[in-house]
Amino acid sequence: MFEYLEPDASGASNLPPAQPAKSHPRPEKVRHMLYGSLAGIDRTIKILHSYSYADPNDWSDPIPTDQPNQWMVILTKILLIE
């Protein structure tokens, strides 16, 4: 699915040539689910926010799972795919 490209001897990667951008990117929904303790989930959401990936308010409220001390939160992002 994803191709790992080894750097050559000079340190430059052997990247494939850039493809011309399509004129009309299409929106695509991507769903993220985090499972863990409330503290672990909270920390992960804050880390993703520090990377400007997702606002903490965009995540669902924590949902308990059938495991002790395990919760789940969901984020749905809409990405523009070219």
# chains A, B, ... in the order shown; residues from 1 in each chain; ligands from 1
call {"tool": "residues_around", "arguments": {"residues": "Thr44 (chain A)", "least_positions_apart": "5", "cutoff": "9 Å", "atoms": "only C-alpha atoms", "output": "VMD selection string"}}
result
chain A and resid 34 39 49
call {"tool": "write_last_selection", "arguments": {"atoms": "C-alpha atoms", "output": "CSV table (one decimal), in the first residue's frame"}}
result
chain,number,residue,atom,x,y,z
A,34,LEU,CA,-8.5,6.1,19.8
A,39,ALA,CA,-5.4,10.2,30.5
A,49,HIS,CA,-3.5,19.4,18.3
call {"tool": "atom_distance", "arguments": {"atom1": "CA of Lys46 (chain A)", "atom2": "CA of Asp58 (chain A)"}}
result
11.8 Å
call {"tool": "residues_around", "arguments": {"residues": "Leu80 (chain A)", "least_positions_apart": "5", "cutoff": "9 Å", "atoms": "only C-alpha atoms", "output": "list of chain:residue names"}}
result
A:Pro25, A:Arg26, A:Pro27, A:Glu28, A:Lys29
call {"tool": "residues_around", "arguments": {"residues": "Pro62 (chain A)", "least_positions_apart": "4", "cutoff": "9 Å", "atoms": "only C-alpha atoms", "output": "ChimeraX atom specification"}}
result
/A:38,41,71-74
call {"tool": "write_last_selection", "arguments": {"atoms": "C-alpha atoms", "output": "PDB file, in the first residue's frame"}}
result
ATOM      1  CA  LEU A  38      -8.899   8.826  29.621  1.00  0.00           C
ATOM      2  CA  ILE A  41      -6.541   9.614  25.094  1.00  0.00           C
ATOM      3  CA  TRP A  71     -12.497   4.400  26.562  1.00  0.00           C
ATOM      4  CA  MET A  72     -12.903   5.256  22.892  1.00  0.00           C
ATOM      5  CA  VAL A  73     -13.105   8.589  21.073  1.00  0.00           C
ATOM      6  CA  ILE A  74     -13.737   9.190  17.383  1.00  0.00           C
TER       7      ILE A  74
END
call {"tool": "residues_around", "arguments": {"residues": "Gln70 (chain A)", "least_positions_apart": "2", "cutoff": "8 Å", "atoms": "only C-alpha atoms", "output": "list in words"}}
result
Tyr35, Gly36, Ser37, Leu38, Pro64, Thr65, Asp66, Gln67, Pro68 and Met72 of chain A
